[in-house]
Each structure stands twice: as structure tokens, then as C-alpha cells.
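Shown next: run15.csv, containing CSV, C-alpha atoms and all ligand atoms.
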```csv
chain,number,residue,atom,x,y,z
A,1,MET,CA,16.9,139.8,-100.7
A,2,ASP,CA,18.2,142.2,-98.1
A,3,ARG,CA,16.8,141.9,-94.6
A,4,ILE,CA,16.5,144.9,-92.4
A,5,ILE,CA,17.8,144.9,-88.9
A,6,PHE,CA,17.1,147.9,-86.6
A,7,VAL,CA,20.0,148.7,-84.3
A,8,GLY,CA,18.1,149.8,-81.2
A,9,ALA,CA,14.7,148.6,-80.1
A,10,GLY,CA,13.7,151.7,-78.0
A,11,GLY,CA,11.1,154.3,-79.0
A,12,PHE,CA,13.1,155.5,-82.0
A,13,GLY,CA,13.6,151.9,-83.2
A,14,ARG,CA,9.9,151.3,-83.1
A,15,GLU,CA,9.2,154.6,-84.9
A,16,LEU,CA,11.6,153.6,-87.7
A,17,PHE,CA,10.1,150.2,-87.9
A,18,GLY,CA,6.6,151.7,-88.5
A,19,TRP,CA,8.1,153.9,-91.3
A,20,VAL,CA,10.0,151.0,-93.0
A,21,GLN,CA,6.8,149.0,-92.9
A,22,SER,CA,4.9,151.7,-94.7
A,23,VAL,CA,7.7,152.0,-97.3
A,24,GLN,CA,7.6,148.3,-97.8
A,25,ALA,CA,3.9,148.6,-98.4
A,26,ALA,CA,4.8,151.0,-101.2
A,27,GLY,CA,6.7,148.3,-102.9
A,28,ARG,CA,10.3,148.3,-101.6
A,29,ASP,CA,12.0,144.9,-101.9
A,30,TRP,CA,13.0,144.6,-98.2
A,31,GLN,CA,12.2,142.1,-95.6
A,32,ILE,CA,12.5,142.8,-91.9
A,33,LYS,CA,14.7,140.4,-89.8
A,34,GLY,CA,14.4,142.0,-86.4
A,35,PHE,CA,16.1,144.3,-83.8
A,36,LEU,CA,19.4,144.4,-82.0
A,37,ASP,CA,19.3,145.6,-78.5
A,38,SER,CA,21.3,144.8,-75.3
A,39,ASN,CA,18.0,144.5,-73.5
A,40,PRO,CA,16.4,141.3,-74.9
A,41,ASN,CA,13.0,142.4,-73.5
A,42,ALA,CA,13.0,145.9,-75.0
A,43,LEU,CA,10.0,145.1,-77.2
A,44,ASP,CA,7.9,143.4,-74.6
A,45,ASN,CA,4.3,144.7,-74.5
A,46,PHE,CA,4.6,146.9,-77.6
A,47,GLY,CA,3.0,144.4,-80.0
A,48,VAL,CA,5.9,144.5,-82.5
A,49,PRO,CA,5.8,141.4,-84.7
A,50,TYR,CA,9.6,141.0,-84.9
A,51,PRO,CA,12.0,139.9,-82.1
A,52,VAL,CA,15.2,141.2,-80.6
A,53,ILE,CA,17.6,138.8,-82.3
A,54,GLY,CA,20.8,139.8,-80.6
A,55,ASP,CA,23.1,142.2,-78.8
A,56,PRO,CA,24.6,144.9,-81.1
A,57,ASN,CA,27.9,144.6,-79.3
A,58,THR,CA,28.4,141.0,-80.3
A,59,TYR,CA,26.1,140.3,-83.3
A,60,ALA,CA,27.9,138.8,-86.3
A,61,PRO,CA,26.5,140.5,-89.5
A,62,GLN,CA,25.3,138.1,-92.3
A,63,PRO,CA,25.7,138.9,-96.0
A,64,ASP,CA,22.0,139.7,-96.5
A,65,ASP,CA,21.7,141.9,-93.4
A,66,LEU,CA,21.1,145.6,-94.0
A,67,PHE,CA,21.3,147.7,-90.9
A,68,VAL,CA,19.3,150.8,-89.8
A,69,CYS,CA,20.8,153.0,-87.1
A,70,ALA,CA,18.0,153.5,-84.6
A,71,ILE,CA,19.9,155.0,-81.7
A,72,ALA,CA,19.6,158.7,-81.0
A,73,ARG,CA,22.5,159.3,-78.4
A,74,PRO,CA,25.5,160.3,-80.5
A,75,GLU,CA,28.3,158.7,-78.5
A,76,VAL,CA,26.3,155.4,-78.2
A,77,LYS,CA,25.3,155.2,-81.8
A,78,LEU,CA,28.9,155.9,-83.0
A,79,ARG,CA,30.4,153.2,-80.8
A,80,ILE,CA,27.8,150.6,-81.6
A,81,CYS,CA,27.4,151.3,-85.3
A,82,ARG,CA,31.1,151.7,-86.0
A,83,GLY,CA,31.7,148.4,-84.2
A,84,LEU,CA,29.1,146.7,-86.4
A,85,GLN,CA,30.7,148.3,-89.5
A,86,GLN,CA,34.1,147.0,-88.6
A,87,ARG,CA,32.5,143.5,-88.4
A,88,GLY,CA,31.3,144.0,-92.0
A,89,ALA,CA,27.8,145.5,-91.5
A,90,ARG,CA,26.2,147.5,-94.3
A,91,PHE,CA,24.1,150.5,-93.2
A,92,LEU,CA,21.2,151.9,-95.0
A,93,THR,CA,20.5,155.6,-95.2
A,94,LEU,CA,16.8,156.2,-95.0
A,95,VAL,CA,15.2,159.3,-96.6
A,96,HIS,CA,11.5,159.8,-96.0
A,97,PRO,CA,9.6,160.5,-99.3
A,98,THR,CA,8.6,164.0,-98.1
A,99,VAL,CA,12.2,165.2,-97.6
A,100,VAL,CA,13.5,168.0,-99.8
A,101,MET,CA,17.2,167.3,-100.4
A,102,ASP,CA,20.1,168.7,-102.4
A,103,ALA,CA,22.8,166.4,-101.1
A,104,SER,CA,25.4,167.9,-103.4
A,105,LYS,CA,28.4,167.2,-101.2
A,106,GLY,CA,27.2,163.8,-100.1
A,107,VAL,CA,25.5,162.0,-97.3
A,108,GLY,CA,27.2,159.2,-95.3
A,109,ALA,CA,26.0,155.7,-94.4
A,110,GLY,CA,23.4,155.0,-91.7
A,111,CYS,CA,21.7,158.4,-91.7
A,112,ILE,CA,18.0,159.0,-91.1
A,113,PHE,CA,16.1,161.9,-92.7
A,114,GLN,CA,12.7,162.1,-91.1
A,115,ALA,CA,9.5,163.4,-92.6
A,116,TYR,CA,9.5,167.1,-93.8
A,117,SER,CA,13.1,167.7,-93.1
A,118,SER,CA,15.1,169.6,-95.7
A,119,VAL,CA,18.8,169.9,-96.8
A,120,SER,CA,19.9,172.8,-99.0
A,121,VAL,CA,22.8,173.1,-101.5
A,122,ASN,CA,26.5,172.3,-100.9
A,123,VAL,CA,25.8,170.5,-97.6
A,124,GLN,CA,28.1,167.8,-96.3
A,125,ILE,CA,26.6,165.1,-93.9
A,126,GLY,CA,28.7,162.4,-92.2
A,127,ASP,CA,27.8,158.9,-91.2
A,128,PHE,CA,25.0,158.0,-88.7
A,129,VAL,CA,23.4,161.4,-88.7
A,130,LEU,CA,19.8,161.7,-87.6
A,131,VAL,CA,17.8,164.6,-89.0
A,132,ASN,CA,14.4,164.5,-87.3
A,133,ALA,CA,11.1,165.8,-88.6
A,134,TYR,CA,10.7,169.4,-89.8
A,135,THR,CA,14.4,170.1,-89.3
A,136,GLY,CA,16.2,172.2,-91.9
A,137,ILE,CA,19.8,172.4,-92.9
A,138,GLY,CA,20.9,175.5,-94.7
A,139,HIS,CA,23.3,176.0,-97.7
A,140,ASP,CA,27.0,175.1,-97.2
A,141,ALA,CA,26.5,173.6,-93.7
A,142,GLN,CA,28.6,170.7,-92.5
A,143,ILE,CA,27.3,168.1,-90.2
A,144,GLY,CA,29.8,165.7,-88.6
A,145,ASP,CA,29.4,161.9,-88.0
A,146,ALA,CA,26.8,160.8,-85.4
A,147,CYS,CA,25.1,164.1,-85.0
A,148,THR,CA,21.5,164.0,-83.8
A,149,LEU,CA,19.3,166.9,-84.9
A,150,SER,CA,16.0,166.7,-83.0
A,151,ALA,CA,12.7,167.8,-84.6
A,152,HIS,CA,12.1,171.4,-85.7
A,153,CYS,CA,15.8,172.5,-85.6
A,154,ASP,CA,17.2,175.2,-87.9
A,155,VAL,CA,20.8,174.7,-88.8
A,156,THR,CA,21.3,177.8,-91.0
A,157,GLY,CA,23.7,178.6,-93.8
A,158,GLY,CA,27.3,177.7,-93.3
A,159,ALA,CA,26.9,176.4,-89.8
A,160,ILE,CA,29.3,173.6,-88.8
A,161,LEU,CA,28.5,170.8,-86.4
A,162,GLY,CA,31.4,168.7,-85.3
A,163,GLU,CA,31.2,165.0,-84.5
A,164,GLY,CA,28.5,163.7,-82.2
A,165,VAL,CA,26.6,167.0,-81.6
A,166,PHE,CA,23.2,166.8,-80.1
A,167,LEU,CA,20.6,169.5,-80.8
A,168,GLY,CA,17.4,169.5,-78.7
A,169,SER,CA,14.1,170.2,-80.3
A,170,HIS,CA,13.7,173.6,-81.9
A,171,ALA,CA,17.4,174.6,-81.5
A,172,THR,CA,18.7,177.2,-84.0
A,173,ILE,CA,22.3,177.6,-85.1
A,174,LEU,CA,22.8,181.0,-86.7
A,175,PRO,CA,24.8,181.4,-89.9
A,176,GLY,CA,28.4,180.3,-89.9
A,177,MET,CA,28.4,179.3,-86.2
A,178,SER,CA,30.3,176.2,-85.2
A,179,VAL,CA,29.3,173.7,-82.5
A,180,GLY,CA,32.2,171.5,-81.2
A,181,ASP,CA,32.4,167.8,-81.0
A,182,TYR,CA,30.0,166.1,-78.6
A,183,ALA,CA,28.4,169.4,-77.5
A,184,THR,CA,24.7,169.5,-76.5
A,185,VAL,CA,22.4,172.4,-77.4
A,186,GLY,CA,19.3,172.5,-75.3
A,187,ALA,CA,15.8,172.5,-76.7
A,188,GLY,CA,14.6,175.9,-78.0
A,189,SER,CA,18.1,177.5,-77.8
A,190,VAL,CA,19.6,179.9,-80.2
A,191,VAL,CA,23.3,179.6,-80.8
A,192,LEU,CA,24.9,183.0,-81.5
A,193,ARG,CA,28.5,182.2,-80.7
A,194,ARG,CA,30.9,179.2,-81.1
A,195,VAL,CA,30.1,176.3,-78.8
A,196,ARG,CA,33.1,174.6,-77.4
A,197,PRO,CA,33.4,170.8,-77.6
A,198,ARG,CA,31.7,168.7,-74.9
A,199,THR,CA,29.8,171.6,-73.4
A,200,THR,CA,26.1,172.0,-72.9
A,201,VAL,CA,24.6,175.3,-73.8
A,202,MET,CA,20.9,176.4,-73.5
A,203,GLY,CA,18.7,179.4,-73.7
A,204,VAL,CA,18.4,182.4,-76.0
A,205,PRO,CA,21.1,183.3,-76.6
A,206,ALA,CA,22.6,179.9,-75.8
A,207,ARG,CA,25.0,180.0,-72.9
A,208,GLN,CA,26.9,177.4,-70.9
A,209,ILE,CA,25.4,177.0,-67.4
A,210,ALA,CA,27.8,176.6,-64.5
A,211,GLY,CA,28.2,172.9,-63.5
A,212,PHE,CA,27.4,171.5,-66.9
A,213,LYS,CA,29.9,169.3,-68.7
A,214,SER,CA,32.9,171.0,-70.2
A,215,GLU,CA,36.1,169.9,-71.8
A,216,SER,CA,37.9,173.2,-72.3
B,1,LIG,C1,19.8,171.2,-72.0
B,1,LIG,C2,19.4,169.9,-71.4
B,1,LIG,C3,20.2,168.8,-72.1
B,1,LIG,C4,19.7,170.0,-69.9
B,1,LIG,O1,19.2,168.8,-69.3
B,1,LIG,P1,19.5,168.5,-67.8
B,1,LIG,O2,20.9,168.4,-67.6
B,1,LIG,O3,18.6,167.4,-67.3
B,1,LIG,O4,19.1,169.9,-67.1
B,1,LIG,P2,17.9,170.3,-66.0
B,1,LIG,O5,16.6,169.9,-66.6
B,1,LIG,O6,18.4,169.7,-64.7
B,1,LIG,O7,18.0,171.8,-66.0
B,1,LIG,C5,19.1,172.5,-65.5
B,1,LIG,C6,18.8,174.0,-65.6
B,1,LIG,O8,18.8,174.4,-67.0
B,1,LIG,C7,17.6,175.0,-67.4
B,1,LIG,N1,17.3,174.4,-68.7
B,1,LIG,C8,17.2,173.1,-69.0
B,1,LIG,N2,16.9,173.0,-70.4
B,1,LIG,C9,16.9,174.2,-70.8
B,1,LIG,C10,16.6,174.8,-72.2
B,1,LIG,N3,16.4,173.9,-73.2
B,1,LIG,N4,16.6,176.1,-72.3
B,1,LIG,C11,16.8,176.9,-71.3
B,1,LIG,N5,17.1,176.5,-70.0
B,1,LIG,C12,17.1,175.2,-69.8
B,1,LIG,C13,16.6,174.5,-66.3
B,1,LIG,O9,15.5,175.4,-66.2
B,1,LIG,C14,17.4,174.4,-65.1
B,1,LIG,O10,17.6,175.8,-64.6
B,1,LIG,P3,17.6,176.1,-63.0
B,1,LIG,O11,18.7,175.3,-62.4
B,1,LIG,O12,17.7,177.6,-62.9
B,1,LIG,O13,16.3,175.5,-62.5
B,1,LIG,C15,17.9,169.6,-71.6
B,1,LIG,O14,17.1,170.4,-70.8
B,1,LIG,C16,17.4,169.7,-73.0
B,1,LIG,O15,17.0,170.8,-73.5
B,1,LIG,N6,17.4,168.5,-73.7
B,1,LIG,C17,16.9,168.4,-75.1
B,1,LIG,C18,15.7,167.4,-75.1
B,1,LIG,C19,15.2,167.2,-76.5
B,1,LIG,O16,14.8,168.2,-77.1
B,1,LIG,N7,15.2,166.0,-76.9
B,1,LIG,C20,14.8,165.7,-78.3
B,1,LIG,C21,13.5,165.0,-78.3
B,1,LIG,S1,13.5,163.4,-77.5
```

For this file, produce the structure as C-alpha cells.
Amino acid sequence: MDRIIFVGAGGFGRELFGWVQSVQAAGRDWQIKGFLDSNPNALDNFGVPYPVIGDPNTYAPQPDDLFVCAIARPEVKLRICRGLQQRGARFLTLVHPTVVMDASKGVGAGCIFQAYSSVSVNVQIGDFVLVNAYTGIGHDAQIGDACTLSAHCDVTGGAILGEGVFLGSHATILPGMSVGDYATVGAGSVVLRRVRPRTTVMGVPARQIAGFKSES
């Protein structure tokens, strides 16, 4: 029987733990093994009945381990989860029962689709993507590896997110717009123009603010 290991024991890890427990109660044949976190005390005082069993940077995956990516920061999750994959880890993609999904172009490994999110037709989604609650992805959109789409975002038709893009809560990407690799879009922002890689944009319309990170 597969045993679930949460990669990350922070708030997001505890949230996913609660969700997996409720899915288990609905009859899924999973056991929970524990959490990986570089902080062995990450679960202290939270009353979680499973331990931190190791550090994700060094843990050696076992044949019956099944991993859940519970890290939200794109560059961190990609480094840690790709490292585990290279050591043989199998990652589960979790789709909450309330999600409406037409995953016609495919969904990668280690993704999380939280409650009431939706994915339209002809959408392509890479590995380790987090789609948080109430976020929608429109037709023909492309979402690169390790993107984090916070709650209540609207990625509209044909929008393209590169690798490791972070969207703050309630961000909107207008049709056909592209957001470059490792760019950050602030909460509540509306992207009307192409966002360059590794830049931070915010506001309505979303603009880069002087002094924020920029690659080009
Ligand atoms: C855009 C963001 C990454 C910038 O964070 P930061 O580097 O800490 O920036 P600061 O809070 O120092 O703000 C810098 C300036 O940008 C403005 N600003 C920050 N976030 C903004 C946003 N979302 N929209 C518009 N303006 C914003 C601030 O008012 C401030 O302006 P000022 O210098 O005129 O006072 C952050 O504000 C944000 O929106 N993060 C998303 C959080 C989120 O939704 N997380 C998901 C749930 S956990």
C-alpha cells in the first residue's frame, strides 16, 4: 500500500494533510507516513499526529512512498521536488473532488488543485503546479512547471505562464498575455501586458515598480 509523504510541513503542508485525511475517510487506499522538512520541529504545537521523518534534501525515497508537493514558493519546490524525483520519488497529483477540469492537454506530476478551482479545454499544465481554491484557468492556457496560482486568480483564455511564476491572490491575467519565468504578480493585480522574466509587477494595470527584482 502506498504511503503518503508531504514534502513541506508548513501551513500549506498541514492544510494538505487535512484534505488527504478527509479523502482517506472517503475510502482512498492511502496511508500517511509523515512529512519532510528541513526544520525537524516544524510541526511542534500543531497537534498533527504524524512526525517530520526527514530532510527533503537528503531523504532516500522507498518503493511504497508516494509524495505530495506541499511547498508554495516556486523556486524552492522545483529544486526540492526535482531532487527527490531524481532519487526515484513518485509524486501524486491531487485534485479536490469539487474541481471542474478538462485536462485535455495533460497535467504533470506533483500538482495540487484545491477546492472549487477550474481548468478549461485544451490547457497544458506542467509538474508541481499549485492551483489554489477558486482559481480558474481559461481555454488554451499554458502553465509552466512549478507555478503557484494563489486563491481566486483568473488566468484567462490563451494566457501563458512560464516556469516558476507566482500569482498572488486575486491576480488576473488577460487573454493571450504571457508572464515570464519566475516572475511575480502581486495580489489583486491585472496583467494587461507581457511580464518579463524574474520581474515583480503589481497593481491595476500591473506595472513593475522601481527597485523590484528584474532580469532584463
Ligand atoms: C507584490 C508583492 C510580492 C510585493 O511584496 P513586497 O516586496 O513585500 O512589497 P511591499 O509590501 O514592501 O510593498 C512595496 C510597494 O508596493 C505596493 N504594493 C505591494 N503589493 C501590492 C499589490 N499587490 N498591488 C499594488 N501595490 C502593491 C505597496 O503599497 C508598496 O508601495 P509604496 O512603496 O508606495 O508604499 C506582495 O505585496 C504581494 O502582493 N504578494 C502576494 C501575496 C499573496 O497573495 N500570497 C498568496 C496567499 S499566501

Q) Which residues sit within 8 Å of ligand LIG 1 (chain B), counting only C-alpha atoms and all ligand atoms, listed as a count of residues only? A) 20

Q) Restricting the calculation to all atoms listed in the file, which member of A:Gly47, A:Val190, A:Tyr182, A:Gln124 is positioned closest to Cys153 of chain A? A)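 Of A:Gly47, A:Val190, A:Tyr182, A:Gln124, the one nearest Cys153 of chain A is A:Val190, counting all atoms listed in the file.
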
Within 10 Å of (28.2, 155.0, -82.9) (coordinates as in the file), grab all the protein and nucleic acid residues, counting all atoms listed in the file, and write them out as an mmCIF file with C-alpha atoms, keeping the file's coordinate frame.
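Written output follows (part_36.cif):
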```cif
data_model
loop_
_atom_site.group_PDB
_atom_site.id
_atom_site.type_symbol
_atom_site.label_atom_id
_atom_site.label_comp_id
_atom_site.auth_asym_id
_atom_site.auth_seq_id
_atom_site.Cartn_x
_atom_site.Cartn_y
_atom_site.Cartn_z
ATOM 1 C CA CYS A 69 20.800 153.000 -87.100
ATOM 2 C CA ILE A 71 19.900 155.000 -81.700
ATOM 3 C CA ALA A 72 19.600 158.700 -81.000
ATOM 4 C CA ARG A 73 22.500 159.300 -78.400
ATOM 5 C CA PRO A 74 25.500 160.300 -80.500
ATOM 6 C CA GLU A 75 28.300 158.700 -78.500
ATOM 7 C CA VAL A 76 26.300 155.400 -78.200
ATOM 8 C CA LYS A 77 25.300 155.200 -81.800
ATOM 9 C CA LEU A 78 28.900 155.900 -83.000
ATOM 10 C CA ARG A 79 30.400 153.200 -80.800
ATOM 11 C CA ILE A 80 27.800 150.600 -81.600
ATOM 12 C CA CYS A 81 27.400 151.300 -85.300
ATOM 13 C CA ARG A 82 31.100 151.700 -86.000
ATOM 14 C CA GLY A 83 31.700 148.400 -84.200
ATOM 15 C CA LEU A 84 29.100 146.700 -86.400
ATOM 16 C CA GLN A 85 30.700 148.300 -89.500
ATOM 17 C CA ASP A 127 27.800 158.900 -91.200
ATOM 18 C CA PHE A 128 25.000 158.000 -88.700
ATOM 19 C CA VAL A 129 23.400 161.400 -88.700
ATOM 20 C CA ASP A 145 29.400 161.900 -88.000
ATOM 21 C CA ALA A 146 26.800 160.800 -85.400
ATOM 22 C CA CYS A 147 25.100 164.100 -85.000
ATOM 23 C CA GLY A 164 28.500 163.700 -82.200
#
```

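Non-sequential neighbours of Leu66 of chain A (distance at most 10 Å, separation of 2 or more positions within a chain, all atoms listed in the file) are Met1, Asp2, Arg3, Ile4, Ile5, Phe6, Trp30, Gln31, Ile32, Lys33, Pro61, Gln62, Pro63, Asp64, Val68, Ala89, Arg90, Phe91, Leu92 and Gly110 of chain A.
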
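Considering the residues A:Ser38, A:Thr135, A:Thr199, A:Ser104 and counting all atoms listed in the file, Asp181 of chain A has its shortest atom-to-atom contact with A:Thr199.
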
(Q) Show me, as a ChimeraX atom specification, the residues that have an atom within 8 Å of Ile173 of chain A when counting only C-alpha atoms, minus same-chain residues fewer than 3 positions from it. (A) /A:154-156,159,177,190-192

Q: Kindly provide, as JSON, numbers by chain, the polymer residues lying within 7 Å of (21.9, 169.5, -88.5), counting all atoms listed in the file and using the coordinates exactly as they appear in the file.
A: {"A": [131, 137, 143, 149, 155]}

Q.
Which residues are close to Lys105 of chain A, i.e. within 9 Å by only C-alpha atoms, leaving aside same-chain residues fewer than 6 positions away? Reply as a ChimeraX atom specification.
A. /A:121-125,140

Q | Selected residue of minimal separation from Gly108 of chain A among A:Gly180, A:Gly126, A:Leu94, A:Gly88, counting only C-alpha atoms | A |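 Among the listed residues, the smallest separation from Gly108 of chain A belongs to A:Gly126.
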
Completion step: segment 77-89 of chain A with N, CA, C and O atoms as an mmCIF file, in the frame of the given file:
```
data_model
loop_
_atom_site.group_PDB
_atom_site.id
_atom_site.type_symbol
_atom_site.label_atom_id
_atom_site.label_comp_id
_atom_site.auth_asym_id
_atom_site.auth_seq_id
_atom_site.Cartn_x
_atom_site.Cartn_y
_atom_site.Cartn_z
ATOM 1 N N LYS A 77 25.537 155.691 -80.449
ATOM 2 C CA LYS A 77 25.300 155.200 -81.800
ATOM 3 C C LYS A 77 26.669 155.049 -82.553
ATOM 4 O O LYS A 77 26.869 154.098 -83.302
ATOM 5 N N LEU A 78 27.587 155.995 -82.295
ATOM 6 C CA LEU A 78 28.900 155.900 -83.000
ATOM 7 C C LEU A 78 29.638 154.660 -82.568
ATOM 8 O O LEU A 78 30.159 153.912 -83.400
ATOM 9 N N ARG A 79 29.667 154.417 -81.276
ATOM 10 C CA ARG A 79 30.400 153.200 -80.800
ATOM 11 C C ARG A 79 29.795 151.950 -81.308
ATOM 12 O O ARG A 79 30.490 151.087 -81.859
ATOM 13 N N ILE A 80 28.479 151.827 -81.208
ATOM 14 C CA ILE A 80 27.800 150.600 -81.600
ATOM 15 C C ILE A 80 27.829 150.380 -83.108
ATOM 16 O O ILE A 80 28.167 149.303 -83.612
ATOM 17 N N CYS A 81 27.496 151.417 -83.848
ATOM 18 C CA CYS A 81 27.400 151.300 -85.300
ATOM 19 C C CYS A 81 28.742 151.150 -85.976
ATOM 20 O O CYS A 81 28.905 150.381 -86.918
ATOM 21 N N ARG A 82 29.739 151.870 -85.474
ATOM 22 C CA ARG A 82 31.100 151.700 -86.000
ATOM 23 C C ARG A 82 31.592 150.276 -85.740
ATOM 24 O O ARG A 82 32.244 149.661 -86.575
ATOM 25 N N GLY A 83 31.282 149.761 -84.563
ATOM 26 C CA GLY A 83 31.700 148.400 -84.200
ATOM 27 C C GLY A 83 31.070 147.397 -85.192
ATOM 28 O O GLY A 83 31.755 146.487 -85.692
ATOM 29 N N LEU A 84 29.785 147.562 -85.483
ATOM 30 C CA LEU A 84 29.100 146.700 -86.400
ATOM 31 C C LEU A 84 29.747 146.816 -87.837
ATOM 32 O O LEU A 84 29.996 145.825 -88.524
ATOM 33 N N GLN A 85 30.018 148.070 -88.230
ATOM 34 C CA GLN A 85 30.700 148.300 -89.500
ATOM 35 C C GLN A 85 31.991 147.579 -89.638
ATOM 36 O O GLN A 85 32.318 146.962 -90.647
ATOM 37 N N GLN A 86 32.754 147.657 -88.545
ATOM 38 C CA GLN A 86 34.100 147.000 -88.600
ATOM 39 C C GLN A 86 33.942 145.496 -88.660
ATOM 40 O O GLN A 86 34.867 144.814 -89.103
ATOM 41 N N ARG A 87 32.784 144.966 -88.268
ATOM 42 C CA ARG A 87 32.500 143.500 -88.400
ATOM 43 C C ARG A 87 31.826 143.224 -89.735
ATOM 44 O O ARG A 87 31.314 142.122 -89.930
ATOM 45 N N GLY A 88 31.762 144.208 -90.631
ATOM 46 C CA GLY A 88 31.300 144.000 -92.000
ATOM 47 C C GLY A 88 29.831 144.421 -92.246
ATOM 48 O O GLY A 88 29.294 144.172 -93.332
ATOM 49 N N ALA A 89 29.190 145.091 -91.286
ATOM 50 C CA ALA A 89 27.800 145.500 -91.500
ATOM 51 C C ALA A 89 27.651 146.555 -92.558
ATOM 52 O O ALA A 89 28.467 147.464 -92.658
#
```
